[in-house]
Every structure is written in C-alpha cells, then in structure tokens.
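Peer 1: I am sharing upload.txt, which consists of compact mmCIF, C-alpha atoms:
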```
# COMPACT_ATOMS: atom_id res chain seq x y z
CA MET A 2 88.17 75.50 65.74
CA LEU A 3 90.19 75.59 62.52
CA ALA A 4 89.24 79.25 62.12
CA ALA A 5 90.60 79.90 65.62
CA ARG A 6 93.88 78.25 64.65
CA VAL A 7 94.10 80.42 61.53
CA LEU A 8 93.38 83.61 63.48
CA ARG A 9 96.05 82.70 66.03
CA ARG A 10 98.65 82.53 63.26
CA HIS A 11 98.19 86.29 62.85
CA LEU A 12 96.81 87.61 66.16
CA ASP A 13 98.07 87.54 69.76
CA GLN A 14 94.85 86.34 71.41
CA VAL A 15 91.82 84.43 70.12
CA THR A 16 88.57 83.77 71.99
CA VAL A 17 86.19 81.01 70.89
CA ILE A 18 82.53 81.41 71.88
CA GLU A 19 80.87 77.99 72.25
CA ARG A 20 77.26 77.20 73.20
CA ASP A 21 77.99 73.64 74.32
CA ALA A 22 79.77 72.27 77.35
CA LEU A 23 82.42 70.33 75.48
CA PRO A 24 83.33 66.74 76.38
CA ASP A 25 86.90 65.78 77.24
CA GLY A 26 87.12 63.26 74.41
CA PRO A 27 85.50 62.17 71.15
CA GLN A 28 81.91 62.06 72.35
CA HIS A 29 78.60 63.18 70.86
CA ARG A 30 77.28 66.59 71.85
CA LYS A 31 74.19 68.62 71.07
CA GLY A 32 75.80 71.33 68.96
CA LEU A 33 77.71 69.09 66.55
CA PRO A 34 75.81 69.11 63.25
CA GLN A 35 74.86 65.77 61.70
CA ALA A 36 77.20 64.12 64.21
CA ARG A 37 75.77 60.60 64.04
CA HIS A 38 75.86 60.37 60.26
CA SER A 39 78.72 59.54 57.91
CA HIS A 40 81.50 62.13 57.51
CA LEU A 41 84.35 62.18 55.03
CA LEU A 42 87.51 64.25 55.06
CA TRP A 43 88.71 64.28 51.45
CA SER A 44 92.40 64.60 50.64
CA GLY A 45 92.07 68.19 49.42
CA GLY A 46 90.72 69.22 52.81
CA ALA A 47 93.03 66.91 54.79
CA ARG A 48 96.16 68.40 53.23
CA LEU A 49 94.96 71.93 53.98
CA ILE A 50 94.14 71.06 57.59
CA ASP A 51 97.58 69.52 58.05
CA SER A 52 99.19 72.66 56.63
CA LEU A 53 97.25 74.86 59.06
CA LEU A 54 97.27 72.48 62.03
CA PRO A 55 100.23 70.10 61.64
CA GLY A 56 99.80 66.60 62.97
CA THR A 57 96.03 66.41 62.53
CA THR A 58 95.89 63.42 60.19
CA GLU A 59 98.54 61.54 62.16
CA ARG A 60 96.43 61.99 65.29
CA LEU A 61 93.35 60.79 63.42
CA LYS A 62 95.13 57.67 62.16
CA ALA A 63 96.51 56.93 65.63
CA ALA A 64 92.97 57.13 67.01
CA GLY A 65 91.70 54.63 64.45
CA ALA A 66 90.45 56.78 61.57
CA GLN A 67 90.52 54.79 58.33
CA ARG A 68 92.54 56.09 55.38
CA ILE A 69 90.69 55.09 52.21
CA GLY A 70 92.42 55.25 48.85
CA VAL A 71 90.39 56.63 45.95
CA TYR A 72 89.44 54.41 44.12
CA ARG A 73 91.55 51.51 45.36
CA ASN A 74 89.69 51.06 48.64
CA MET A 75 86.20 51.89 47.38
CA VAL A 76 83.37 49.75 46.04
CA SER A 77 81.12 52.27 44.36
CA LEU A 78 77.99 52.21 42.23
CA THR A 79 77.70 55.75 40.88
CA SER A 80 74.87 57.32 38.92
CA TYR A 81 76.71 56.14 35.81
CA GLY A 82 77.66 52.58 36.78
CA TRP A 83 80.16 50.55 38.84
CA GLN A 84 83.53 52.25 39.33
CA GLN A 85 86.70 50.38 38.40
CA ARG A 86 89.01 50.17 41.44
CA PHE A 87 91.99 51.98 39.93
CA PRO A 88 95.21 52.59 41.91
CA GLU A 89 95.01 55.38 44.47
CA THR A 90 95.46 58.96 43.25
CA GLN A 91 93.54 60.66 46.09
CA PHE A 92 92.37 59.55 49.53
CA LEU A 93 89.92 60.33 52.27
CA TYR A 94 89.77 59.82 56.03
CA ALA A 95 86.74 58.06 57.45
CA ALA A 96 85.99 58.63 61.12
CA SER A 97 83.10 59.48 63.39
CA ARG A 98 82.33 63.17 63.55
CA PRO A 99 83.10 63.33 67.30
CA LEU A 100 86.61 61.98 66.63
CA LEU A 101 87.23 64.51 63.85
CA ASP A 102 85.89 67.35 65.99
CA TRP A 103 87.81 66.38 69.12
CA THR A 104 91.12 65.88 67.30
CA ILE A 105 91.05 69.36 65.77
CA ARG A 106 89.78 70.92 69.00
CA ASP A 107 92.42 69.26 71.17
CA LEU A 108 95.28 70.33 68.90
CA THR A 109 93.92 73.87 68.58
CA LEU A 110 93.36 74.43 72.30
CA ALA A 111 96.88 73.27 73.10
CA ASP A 112 97.82 76.89 72.30
CA PRO A 113 97.35 78.86 75.56
CA ALA A 114 96.66 82.03 73.58
CA ILE A 115 93.38 80.50 72.36
CA THR A 116 90.67 80.83 75.02
CA LEU A 117 87.48 78.77 74.97
CA ARG A 118 84.35 80.20 76.61
CA GLN A 119 81.86 77.35 76.95
CA ARG A 120 78.11 77.61 77.54
CA THR A 121 78.21 81.08 75.98
CA GLU A 122 76.60 82.51 72.85
CA ALA A 123 77.04 85.65 70.77
CA VAL A 124 73.81 87.68 70.63
CA ALA A 125 74.75 90.90 68.81
CA LEU A 126 77.51 92.74 67.00
CA LEU A 127 79.24 95.80 68.41
CA GLY A 128 79.99 98.67 66.04
CA ASP A 129 78.13 100.04 63.05
CA ALA A 130 77.67 99.53 59.31
CA THR A 131 81.24 100.59 58.60
CA ARG A 132 83.14 98.60 61.22
CA VAL A 133 82.50 95.83 63.76
CA THR A 134 84.41 96.18 67.02
CA GLY A 135 83.31 93.03 68.85
CA VAL A 136 80.27 91.07 70.02
CA THR A 137 77.86 90.97 72.90
CA ILE A 138 77.94 87.53 74.51
CA ARG A 139 75.55 85.89 76.96
CA ASP A 140 76.27 83.23 79.56
CA LEU A 141 73.76 80.43 79.01
CA ASP A 142 73.83 79.39 82.67
CA ASP A 143 73.22 82.69 84.46
CA GLY A 144 71.99 84.87 81.56
CA ALA A 145 74.59 87.58 82.16
CA SER A 146 75.62 89.62 79.10
CA THR A 147 79.09 91.00 78.41
CA ASP A 148 80.61 93.07 75.61
CA LEU A 149 83.73 91.49 74.13
CA THR A 150 85.86 93.74 71.93
CA ALA A 151 87.87 92.28 69.05
CA ASP A 152 89.99 93.35 66.10
CA VAL A 153 88.43 90.61 63.94
CA VAL A 154 85.07 88.83 64.35
CA VAL A 155 84.46 85.53 62.51
CA ASP A 156 81.03 83.89 62.41
CA THR A 157 81.29 80.08 62.22
CA THR A 158 77.92 79.32 63.81
CA GLY A 159 76.77 77.21 60.87
CA ARG A 160 73.43 76.73 59.16
CA GLY A 161 71.60 78.38 62.04
CA SER A 162 73.70 81.55 61.87
CA ARG A 163 71.89 84.71 62.97
CA LEU A 164 74.34 86.98 61.18
CA ALA A 165 71.64 88.40 58.88
CA GLN A 166 69.61 89.55 61.90
CA TRP A 167 72.67 91.05 63.56
CA LEU A 168 73.51 92.91 60.36
CA ASP A 169 69.96 94.25 60.18
CA ALA A 170 70.46 95.84 63.60
CA LEU A 171 73.41 97.73 62.08
CA ASP A 172 71.32 98.78 59.04
CA VAL A 173 73.29 96.45 56.77
CA PRO A 174 71.10 94.73 54.12
CA PRO A 175 70.86 90.93 54.12
CA PRO A 176 73.03 88.98 51.68
CA GLN A 177 71.78 87.40 48.49
CA GLU A 178 70.99 83.74 49.07
CA ASP A 179 70.55 80.65 46.89
CA VAL A 180 68.84 77.46 48.10
CA VAL A 181 68.76 74.16 46.21
CA ASP A 182 66.76 71.71 48.29
CA SER A 183 66.28 68.16 47.02
CA GLY A 184 64.52 67.31 50.27
CA ILE A 185 67.10 64.67 51.14
CA THR A 186 66.75 62.98 54.52
CA TYR A 187 69.13 60.66 56.35
CA ALA A 188 68.92 57.55 58.47
CA THR A 189 72.06 56.16 60.11
CA ARG A 190 72.91 53.14 62.19
CA VAL A 191 76.26 52.06 63.62
CA TYR A 192 77.31 48.41 63.31
CA ARG A 193 80.18 46.26 64.50
CA ALA A 194 82.13 45.24 61.40
CA PRO A 195 81.43 41.58 60.63
CA GLY A 196 83.83 38.67 60.70
CA ARG A 197 87.44 39.79 60.45
CA SER A 198 86.78 42.83 58.27
CA ALA A 199 87.54 45.53 60.87
CA GLY A 200 90.26 47.82 59.55
CA ALA A 201 90.54 45.88 56.29
CA PHE A 202 87.34 46.61 54.40
CA PRO A 203 86.62 49.13 51.63
CA MET A 204 84.10 51.93 51.74
CA VAL A 205 80.92 50.84 49.96
CA SER A 206 78.51 53.27 48.30
CA VAL A 207 75.42 52.80 46.14
CA HIS A 208 73.83 55.74 44.29
CA SER A 209 70.73 55.80 42.15
CA ASP A 210 70.80 57.33 38.67
CA TYR A 211 69.64 60.95 38.90
CA ARG A 212 69.05 60.96 35.12
CA THR A 213 65.93 58.82 35.55
CA ARG A 214 64.28 61.86 37.18
CA GLN A 215 63.06 59.54 39.92
CA PRO A 216 63.60 60.30 43.62
CA GLY A 217 67.18 59.50 44.58
CA ARG A 218 68.23 56.75 46.99
CA PHE A 219 71.72 56.39 48.40
CA GLY A 220 73.56 54.07 50.75
CA LEU A 221 77.00 54.19 52.34
CA ILE A 222 79.03 51.85 54.52
CA LEU A 223 81.83 53.84 56.11
CA PRO A 224 84.47 51.85 58.04
CA VAL A 225 85.57 53.98 61.00
CA GLU A 226 87.47 53.66 64.28
CA ASN A 227 86.88 50.94 66.89
CA GLY A 228 86.06 48.26 64.33
CA GLN A 229 82.75 49.90 63.48
CA TRP A 230 80.77 50.73 60.36
CA ILE A 231 78.65 53.85 60.09
CA VAL A 232 75.86 52.93 57.67
CA THR A 233 73.92 55.87 56.27
CA LEU A 234 70.89 55.59 53.98
CA SER A 235 69.41 58.67 52.37
CA GLY A 236 66.71 59.64 49.92
CA THR A 237 65.45 62.76 48.19
CA ARG A 238 61.93 64.14 48.49
CA GLY A 239 59.44 61.35 47.86
CA SER A 240 61.84 58.56 48.83
CA GLU A 241 62.80 59.28 52.43
CA PRO A 242 64.39 56.44 54.43
CA PRO A 243 62.47 55.20 57.48
CA THR A 244 64.01 55.45 60.93
CA ASP A 245 62.58 52.24 62.35
CA GLU A 246 64.67 49.07 62.27
CA ALA A 247 62.51 47.13 59.81
CA GLY A 248 62.05 50.10 57.49
CA PHE A 249 65.79 50.82 57.50
CA ALA A 250 66.56 47.23 56.47
CA ALA A 251 63.89 47.28 53.75
CA PHE A 252 65.18 50.58 52.32
CA ALA A 253 68.71 49.16 52.11
CA LYS A 254 67.38 46.17 50.17
CA GLU A 255 65.60 48.48 47.71
CA LEU A 256 68.70 50.48 46.72
CA ALA A 257 69.92 50.28 43.12
CA HIS A 258 71.88 47.18 44.20
CA PRO A 259 71.33 45.07 47.37
CA LEU A 260 75.05 44.91 48.27
CA ILE A 261 74.71 47.14 51.34
CA SER A 262 71.72 45.13 52.54
CA GLU A 263 73.71 41.91 52.17
CA LEU A 264 76.67 43.32 54.09
CA ILE A 265 74.76 44.80 57.02
CA GLY A 266 72.96 41.48 57.29
CA LEU A 267 76.34 40.08 58.36
CA ALA A 268 77.07 42.90 60.84
CA THR A 269 75.92 43.49 64.41
CA PRO A 270 73.88 46.66 65.06
CA LEU A 271 75.19 48.77 67.94
CA THR A 272 72.77 51.72 67.93
CA PRO A 273 69.19 52.58 67.05
CA VAL A 274 68.51 54.25 63.70
CA GLN A 275 69.02 58.04 63.84
CA GLY A 276 67.37 60.41 61.34
CA SER A 277 68.10 63.94 60.09
CA ARG A 278 66.45 66.38 57.70
CA SER A 279 68.53 69.60 57.67
CA THR A 280 70.28 68.99 54.35
CA ALA A 281 69.45 71.71 51.80
CA ASN A 282 72.25 73.33 49.81
CA ARG A 283 72.23 76.93 51.04
CA ARG A 284 74.66 79.66 50.04
CA ARG A 285 74.87 83.26 51.24
CA TYR A 286 76.79 85.74 49.07
CA PHE A 287 78.12 88.15 51.69
CA GLU A 288 80.83 89.30 49.29
CA ARG A 289 78.17 90.84 47.01
CA ASN A 290 76.87 93.26 49.65
CA SER A 291 77.30 96.89 48.66
CA VAL A 292 77.63 97.76 52.36
CA TRP A 293 79.76 95.63 54.66
CA PRO A 294 81.27 96.36 58.08
CA GLY A 295 85.03 96.10 58.31
CA ASN A 296 86.59 93.29 60.38
CA LEU A 297 83.51 91.01 60.11
CA ILE A 298 83.95 87.66 58.33
CA ALA A 299 81.74 84.58 57.91
CA LEU A 300 83.04 81.08 57.24
CA GLY A 301 81.91 77.45 56.96
CA ASP A 302 78.22 76.57 56.94
CA SER A 303 77.44 80.20 57.81
CA VAL A 304 78.38 80.90 54.18
CA ALA A 305 77.59 77.62 52.39
CA GLY A 306 76.00 74.42 53.62
CA PHE A 307 75.88 71.40 51.33
CA ASN A 308 73.84 68.27 50.83
CA PRO A 309 75.92 65.89 52.98
CA VAL A 310 75.65 62.99 50.53
CA TYR A 311 78.71 64.33 48.68
CA GLY A 312 80.82 64.56 51.84
CA HIS A 313 82.33 67.95 51.07
CA GLY A 314 81.34 70.03 54.10
CA MET A 315 84.53 69.64 56.15
CA SER A 316 86.85 69.95 53.17
CA ALA A 317 85.00 73.07 52.00
CA ALA A 318 85.43 74.52 55.49
CA ALA A 319 89.16 73.75 55.31
CA ARG A 320 89.38 75.54 51.93
CA SER A 321 87.59 78.51 53.48
CA ALA A 322 89.97 78.55 56.44
CA ALA A 323 92.92 78.58 54.05
CA ALA A 324 91.32 81.53 52.21
CA LEU A 325 90.96 83.34 55.54
CA ASP A 326 94.62 82.65 56.27
CA ARG A 327 95.66 84.23 52.95
CA ALA A 328 93.47 87.28 53.55
CA LEU A 329 94.91 87.82 57.03
CA GLN A 330 98.42 87.49 55.67
CA ARG A 331 97.82 90.14 53.02
CA ASN A 332 95.32 92.52 54.57
CA LEU A 333 95.33 92.33 58.38
CA GLY A 334 95.02 95.85 59.74
CA THR A 335 93.65 97.29 56.49
CA PRO A 336 90.08 98.30 55.59
CA ASP A 337 90.07 95.59 52.91
CA LEU A 338 90.46 92.62 55.27
CA ALA A 339 86.81 91.57 55.51
CA THR A 340 85.89 92.05 51.86
CA SER A 341 89.04 90.31 50.61
CA ALA A 342 88.44 87.39 52.98
CA LEU A 343 84.80 87.05 51.94
CA ARG A 344 85.74 87.06 48.25
CA GLY A 345 88.36 84.37 48.86
CA ILE A 346 85.96 82.26 50.91
CA SER A 347 83.34 82.53 48.17
CA ARG A 348 85.82 81.26 45.59
CA ALA A 349 86.76 78.43 47.96
CA VAL A 350 83.18 77.14 48.08
CA ASP A 351 82.44 77.52 44.36
CA ASP A 352 83.49 74.00 43.37
CA PRO A 353 81.81 72.09 46.22
CA TRP A 354 78.68 74.18 45.68
CA ASN A 355 78.58 73.34 41.98
CA LEU A 356 79.30 69.65 42.60
CA ALA A 357 76.42 69.38 45.06
CA THR A 358 73.81 71.39 43.20
CA ALA A 359 74.60 70.06 39.71
CA GLN A 360 72.98 66.70 40.52
CA ASP A 361 70.41 67.77 43.09
CA ILE A 362 68.47 70.00 40.68
CA PHE A 363 67.53 66.97 38.58
CA TYR A 364 65.72 65.10 41.33
CA PRO A 365 61.92 65.51 41.19
CA ASN A 366 60.40 68.11 43.49
CA CYS A 367 63.78 69.76 44.08
CA ARG A 368 63.04 73.27 45.29
CA ILE A 369 65.20 76.08 43.95
CA ASP A 370 65.06 79.54 45.49
CA ALA A 371 67.81 81.57 43.85
CA ASP A 372 68.48 85.29 43.79
CA ASP A 373 70.58 84.61 40.69
CA PRO A 374 68.22 83.43 37.89
CA ARG A 375 71.16 82.01 35.94
CA LEU A 376 71.82 79.28 38.51
CA GLU A 377 69.51 76.61 37.07
CA GLU A 378 70.45 77.43 33.47
CA GLU A 379 74.17 77.12 34.21
CA LEU A 380 73.76 73.81 36.03
CA ASN A 381 71.68 72.37 33.20
CA SER A 382 74.32 73.37 30.66
CA GLN A 383 76.99 71.40 32.55
CA GLU A 384 75.02 68.14 32.70
CA ARG A 385 76.04 66.63 29.35
CA PHE A 386 79.77 67.17 29.87
CA THR A 387 79.57 65.87 33.44
CA GLU A 388 77.86 62.70 32.21
CA LEU A 389 80.52 62.19 29.51
CA VAL A 390 83.42 62.61 31.95
CA CYS A 391 81.96 60.55 34.79
CA THR A 392 80.98 57.69 32.49
CA ALA A 393 84.48 57.59 31.00
CA GLY A 394 85.97 57.75 34.49
CA LEU A 395 84.41 54.40 35.37
CA LYS A 396 86.78 52.59 33.01
CA THR A 397 89.53 55.03 31.94
CA ALA A 398 92.30 55.56 34.50
CA PRO A 399 93.42 59.08 33.48
CA VAL A 400 89.84 60.34 33.50
CA ALA A 401 89.16 58.58 36.80
CA ALA A 402 92.20 60.29 38.31
CA ALA A 403 90.93 63.68 37.15
CA VAL A 404 87.44 63.02 38.53
CA ALA A 405 88.99 61.86 41.81
CA GLY A 406 90.98 65.09 42.06
CA VAL A 407 87.86 67.20 41.64
CA SER A 408 85.76 65.01 43.95
CA ALA A 409 88.47 65.21 46.62
CA LEU A 410 88.58 69.02 46.25
CA ALA A 411 92.26 68.61 45.44
CA ALA A 412 91.94 69.98 41.89
CA PRO A 413 89.67 72.65 40.38
CA ALA A 414 86.65 71.59 38.35
CA THR A 415 88.25 73.25 35.32
CA SER A 416 90.92 70.51 35.36
CA LEU A 417 88.33 68.18 33.82
CA GLN A 418 88.73 70.19 30.62
CA SER A 419 92.51 69.85 30.44
CA PRO A 420 94.09 68.52 27.22
CA ALA A 421 95.07 65.29 28.99
CA VAL A 422 91.50 64.59 30.06
CA LEU A 423 89.99 65.57 26.72
CA GLY A 424 92.49 63.30 24.98
CA ALA A 425 91.61 60.41 27.28
CA LEU A 426 87.92 60.95 26.54
CA ARG A 427 88.65 60.25 22.88
CA ASP A 428 90.57 57.06 23.69
CA GLN A 429 88.51 54.02 22.69
CA THR A 430 90.92 51.41 24.11
CA ALA A 431 89.68 51.46 27.71
CA THR A 432 88.44 48.21 29.20
CA PRO A 433 84.68 47.97 29.82
CA ALA A 434 83.37 49.30 33.11
CA PRO A 435 82.46 46.63 35.69
CA ASP A 436 78.85 45.45 35.58
CA THR A 437 78.83 43.85 39.04
CA PRO A 438 80.08 44.90 42.50
CA THR A 439 83.87 45.08 42.70
CA LEU A 440 84.20 43.54 46.16
CA THR A 441 86.98 40.94 45.99
CA ASP A 442 86.77 37.32 47.10
CA GLU A 443 89.25 38.12 49.87
CA GLU A 444 87.06 40.97 51.17
CA TRP A 445 83.97 38.75 51.13
CA ALA A 446 85.93 36.13 53.03
CA LEU A 447 86.87 38.67 55.72
CA ALA A 448 83.25 39.74 56.13
CA THR A 449 81.94 36.18 56.40
CA ALA A 450 84.75 34.69 58.53
CA GLU A 451 84.31 33.71 62.15
CA PRO A 452 85.38 36.64 64.35
CA LEU A 453 88.73 36.33 66.09
CA ASP A 454 88.54 35.46 69.77
CA ASP A 455 89.24 38.64 71.76
CA ASN A 456 90.85 36.52 74.44
```
Would you mind writing the file out in structure tokens?

Peer 2:
Amino acid sequence: MLAARVLRRHLDQVTVIERDALPDGPQHRKGLPQARHSHLLWSGGARLIDSLLPGTTERLKAAGAQRIGVYRNMVSLTSYGWQQRFPETQFLYAASRPLLDWTIRDLTLADPAITLRQRTEAVALLGDATRVTGVTIRDLDDGASTDLTADVVVDTTGRGSRLAQWLDALDVPPPQEDVVDSGITYATRVYRAPGRSAGAFPMVSVHSDYRTRQPGRFGLILPVENGQWIVTLSGTRGSEPPTDEAGFAAFAKELAHPLISELIGLATPLTPVQGSRSTANRRRYFERNSVWPGNLIALGDSVAGFNPVYGHGMSAAARSAAALDRALQRNLGTPDLATSALRGISRAVDDPWNLATAQDIFYPNCRIDADDPRLEEELNSQERFTELVCTAGLKTAPVAAAVAGVSALAAPATSLQSPAVLGALRDQTATPAPDTPTLTDEEWALATAEPLDDN
C-alpha cells in the first residue's frame, strides 16, 4: 500500500491488485505474511512512512500501538551481554501486524484516485524485453482474465513473487540471487499482559551468543495494543521451537536467561501457539540485469526478504518506497525510470541485508547460496569490528546511540566508523555492562500486582 501512495504522488490514477478479500478493520487475513508473529516498525522506517503518508504514527498510537524508546524501554540480552537502559535516542512502534497493515491501507485508500481490486491476481506482464505496458490480471472468483495497461508497473507481491517467470516469458534473464538461510523457525503466542503492566511495560528480548557456533535461540515479549503481549520464540536449524503448549513453555525456559519464561508464567494465554518457517534471507539483484524492461519496478520482499528476528522488514520496505519516490521525482517519463529506481531500492536494502546476514552466517548449518562469491568473505571480515562496537555499546552511551541509529535504520552502517564512535571505543571510563536483567522493581511490581477491576 505504501508503494501505491508513492505512485499516487506522481501519477493521476493508481490501481492496486490484491489477492485477498480485505477486512474492514485490523484483522488477520491469509495473504499477510508472518501476521501472527512479532513485528517492529523502527524509527528510521516510521519517519519515512510519516513523510510519505502523514498521520500514520499518530493513527497507530491512537489505536494502541506502543511507542518503545531505544534503549530506555527495552530489557535486552544481546549476543554480547545485557544492554544498559540508556536514555532514548531512537524508538520503535510495537503493534500487531494487522493493525499496522490496516492503518496504512485505510490512510492510503482514502485517496479516491487509488483503486483497489480485491480477489484479483496478476498473471503476466504486457510488453516486451524493452518496455512493460501493463499486466494481465485474473479474477479469482470467476477466472476471467483482463489486460490492464499502465505507465508504471510495481511488483510488491513479496517472497512468493513470480516476477522471474514473467520476465522469462519476455526473454529477460532471471536476476542474480543470494540466499542466506539459517533455518530459523518461529513459534508465537499472544498473552494478556499480567497484573497492571498493560501499556507500561518494556519490550523484553533474549538472544543467544552466535559466537558459540551453537544453534541460536531467541525470545521476545512485545507489548502491543489491547493490553496484550505477542511472545515470539525462535531458533535456527537444529534448535527449532515446538508449537505445542508444553514445548513452547519449555523452550522459553531454556533460553540464555529464563526471564521470558518467568514473565509469561504470570500472563494469561489468549491464543494457541502458531508456527512459521519461511524466514530465509533472500535478495534478488534486479539492478544488475543487462536487459531490463522499462517501466517495471520491484519493491519490498520481492527484492529482499530478511530473517524476521531483526525486525527490519517493514522499515526496509519504507526505505525502498522512499527510493521509489525519489526515482519518480527525477525520472518519471524517461527511459531511465526503472533502472534508476531499482538501483536506489538496492541501496536502500543494503544495510538491513548486511545486518541480518552478518550474524546468520555464523550459526551452524546455515546454508549460503550466493551468486556473488565475495558475500561470505565480506561478512566474515566485518565480524571483529561488529563485536567490538556492540560490546562497547552495552555500557558506553555514545556507542550505544550509534548502534541504536544503525539498528533503527535511521543512520547508515558507516556511521559506526565515525570519529565520535571510534573515540568512544577508546574511552576506558565507561561503567561496567549489567550482568543481570535490567527490569526495574517498579516494572516487576506492575507485572505481579493484582489486576485492576474492569468494573
């Protein structure tokens, strides 16, 4: 939907092709990827979305989305240790995926020049190897096919995109592709926040240490709307979380610290455990094609899908939408539109791609299928510096702020090598990093208090 909003800023009419019959509110639907698991909208992405679709974050907050200050409102055991809860320098919004999806959709479709065609799918491209002129669409209810002409075609169909097959029909070669697959799987359960903690509790995360070269285990408590917690447990290949109730509870207890197990023991489960396995980092380099049809652009998970444990998917999509906006502003109506947009989108996903793959490659049995043989070598070369910076960031405020900026996709990864950060790395006066969970006595009291009487 954000791509539709961007296109409308430059074009008179926009048509969105959607396979699902969309609900009228923030409800689950079949075509929403990973919808029942935890989703984060980091500040870098949130600011971009607000610039493209004003009022989005205000609508989210009004609907109950939780604004979490980084690191002030976070209790986090990273691969390097417990994170000091420094004053906020970045933030994120925590909400259910249906609420995020519906908020953006509702604001976007308020524009009458944006038309939504539900229960419809694109099945082929119109045009040839030099220029795309539209798509063939099919009604999923009656099977009827129609040709829809367009000045610009944008594929946002996600991980399951069939763009490579459509290009093959136009005699366009497939793009280069890299896959880094740690085999991570997810198990999620929704809880009612315990005691009086609803709306007043930090995000809690527990990561294992990837440097042990043991399968990774992760846990996250995400406070969201309606006084609920989304609790997601995940593990890399060889340490997959169970999806039965007893197995879920046991896995939580076996994390690097039992904090999440202790907290969900106080909470009331509201749903069964839901699992998911489609989590590989996958990147398609459309911008490298020697042949590319004009007016055809890909965006979002169609270009790069990430291991969701890092929470960068939506913010990366927002960065890509902003890159599309810049390309339309500069090159709409020129033969360079598609190639300039694809180059900009590729740059937009560079940092989230590197952040996700730089840790995943070190988990045992991670499978790497890369057209670029330098990928693994480059990621290995970054490990020592990453460890130095992230360890210092646990206890040194200026370094923590820099790490937060990169993690929130609000600052480029190169900012970690700025003179200010390098100087802070040499500073030996920092206080020691915490060696126990940083949950405060007041927060524990909220979680263990008797719930307020709703009457």

Peer 1: Report, in Å to a single decimal, how far apart atom CA of Ala95 of chain A and atom CA of Leu440 of chain A are.

Peer 2: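 A separation of 18.6 Å between them.
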
Peer 1: Which of these residues is nearest to Arg20 of chain A, using all atoms listed in the file: A:Val76, A:Leu141, A:Gly196, A:Thr439?

Peer 2: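 Nearest candidate to Arg20 of chain A out of A:Val76, A:Leu141, A:Gly196, A:Thr439: A:Leu141.
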
Peer 1: Have a look at atom CA of Pro99 of chain A and atom CA of Ile222 of chain A and let me know their distance in Å, one decimal.

Peer 2: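 Taking atom CA of Pro99 of chain A as the start and atom CA of Ile222 of chain A as the end point, the length is 17.7 Å.
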
Peer 1: Between A:Asn366, A:Thr269, A:Ser198, A:Gln119, which one has atoms that come closest to Leu23 of chain A, using all atoms listed in the file?

Peer 2: A:Gln119

Peer 1: Centre and edge lengths, as JSON, for the axis-aligned box enclosing every listed atom of segment 288-306 of chain A with 3 Å of padding on each of the six sides, in Å to one decimal?

Peer 2:
```
{"center_x": 81.3, "center_y": 86.1, "center_z": 53.7, "size_x": 16.6, "size_y": 29.3, "size_z": 19.4}
```

Peer 1: Let me make sure I understand: among A:Phe386, A:Tyr311, A:Trp83, A:Tyr187, which one has the smallest atom-to-atom distance to Ala357 of chain A if we use all atoms listed in the file?

Peer 2: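 Comparing A:Phe386, A:Tyr311, A:Trp83, A:Tyr187 against Ala357 of chain A, the winner is A:Tyr311.
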
Peer 1: Between A:Asp442, A:Asp326, A:Glu451, A:Asp143, single out the one closest to Leu53 of chain A, counting only C-alpha atoms.

Peer 2: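 Selected residue with least distance to Leu53 of chain A: A:Asp326.
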
Peer 1: Which residues are near Ala425 of chain A? Cut-off 8 Å, all atoms listed in the file, ignore same chain within fewer than 4 positions. Put them as a VMD selection string.

Peer 2: chain A and resid 397 399 to 400 421

Peer 1: Rank A:Arg218, A:Arg9, A:Arg30, A:Arg73 by their smallest atom-to-atom distance to Ala401 of chain A, using only C-alpha atoms, and report the top residue only.

Peer 2: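 Answer, going by the shortest atom-to-atom distance: A:Arg73.
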
Peer 1: Separation of atom CA of Leu338 of chain A and atom CA of Ala151 of chain A, in Å?

Peer 2: 14.0 Å

Peer 1: Dump as a list in words all residues having an atom at most 6 Å from (81.2, 84.2, 71.5), computed in the file's coordinates with all atoms listed in the file.

Peer 2: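 Output of the proximity query reads Val17, Ile18, Glu122, Ala123 and Ile138 of chain A.
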
Peer 1: For Gly295 of chain A, which residue among A:Ala446, A:Leu101, A:Ile369, A:Ala130 is the nearest when counting all atoms listed in the file?

Peer 2: A:Ala130

Peer 1: Would you kindly return, as a list in words, each protein, DNA or RNA residue with an atom no farther than 10 Å from any atom of Tyr81 of chain A, considering all atoms listed in the file and excluding same-chain residues fewer than 6 positions away?

Peer 2: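 Here the qualifying residues turn out to be His208, Ser209, Asp210, Tyr211, Arg212, Glu388, Leu389, Cys391, Thr392, Ala393, Gly394, Leu395 and Ala434 of chain A.
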
Peer 1: Within 12 Å of segment 247-252 of chain A, counting all atoms listed in the file, which residues qualify if same-chain residues fewer than 2 places away don't, as a tab-separated table (two decimals) with C-alpha atoms, keeping the file's coordinate frame?

Peer 2:
```tsv
chain	number	residue	atom	x	y	z
A	187	TYR	CA	69.13	60.66	56.35
A	188	ALA	CA	68.92	57.55	58.47
A	189	THR	CA	72.06	56.16	60.11
A	190	ARG	CA	72.91	53.14	62.19
A	217	GLY	CA	67.18	59.50	44.58
A	218	ARG	CA	68.23	56.75	46.99
A	219	PHE	CA	71.72	56.39	48.40
A	220	GLY	CA	73.56	54.07	50.75
A	232	VAL	CA	75.86	52.93	57.67
A	233	THR	CA	73.92	55.87	56.27
A	234	LEU	CA	70.89	55.59	53.98
A	235	SER	CA	69.41	58.67	52.37
A	236	GLY	CA	66.71	59.64	49.92
A	240	SER	CA	61.84	58.56	48.83
A	241	GLU	CA	62.80	59.28	52.43
A	242	PRO	CA	64.39	56.44	54.43
A	243	PRO	CA	62.47	55.20	57.48
A	244	THR	CA	64.01	55.45	60.93
A	245	ASP	CA	62.58	52.24	62.35
A	254	LYS	CA	67.38	46.17	50.17
A	255	GLU	CA	65.60	48.48	47.71
A	256	LEU	CA	68.70	50.48	46.72
A	257	ALA	CA	69.92	50.28	43.12
A	258	HIS	CA	71.88	47.18	44.20
A	259	PRO	CA	71.33	45.07	47.37
A	261	ILE	CA	74.71	47.14	51.34
A	262	SER	CA	71.72	45.13	52.54
A	263	GLU	CA	73.71	41.91	52.17
A	264	LEU	CA	76.67	43.32	54.09
A	265	ILE	CA	74.76	44.80	57.02
A	266	GLY	CA	72.96	41.48	57.29
A	270	PRO	CA	73.88	46.66	65.06
A	273	PRO	CA	69.19	52.58	67.05
A	274	VAL	CA	68.51	54.25	63.70
A	275	GLN	CA	69.02	58.04	63.84
A	276	GLY	CA	67.37	60.41	61.34
```

Peer 1: Using only C-alpha atoms, which protein or nucleic acid residues come within 12 Å of Asp182 of chain A? Drop anything in the same chain fewer than 2 positions from it, and give the result as a ChimeraX atom specification.

Peer 2: /A:179-180,184-186,237-238,278-284,306-309,357-371

Peer 1: Please identify all polymer residues within 12 Å of Ala349 of chain A, counting all atoms listed in the file, omitting same-chain residues fewer than 6 positions from it, and present them as a ChimeraX atom specification.

Peer 2: /A:45-46,300-301,304-305,313-314,316-325,327,342-343,355,410-414

Peer 1: Please determine the residues with any atom at most 9 Å from (89.3, 45.2, 55.1) (coordinates as given in the file, with all atoms listed in the file counting) and report them as a list of chain:residue names.

Peer 2: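 Output: A:Asn74, A:Arg197, A:Ser198, A:Ala199, A:Gly200, A:Ala201, A:Phe202, A:Pro203, A:Pro224, A:Glu443, A:Glu444, A:Leu447, A:Ala448.
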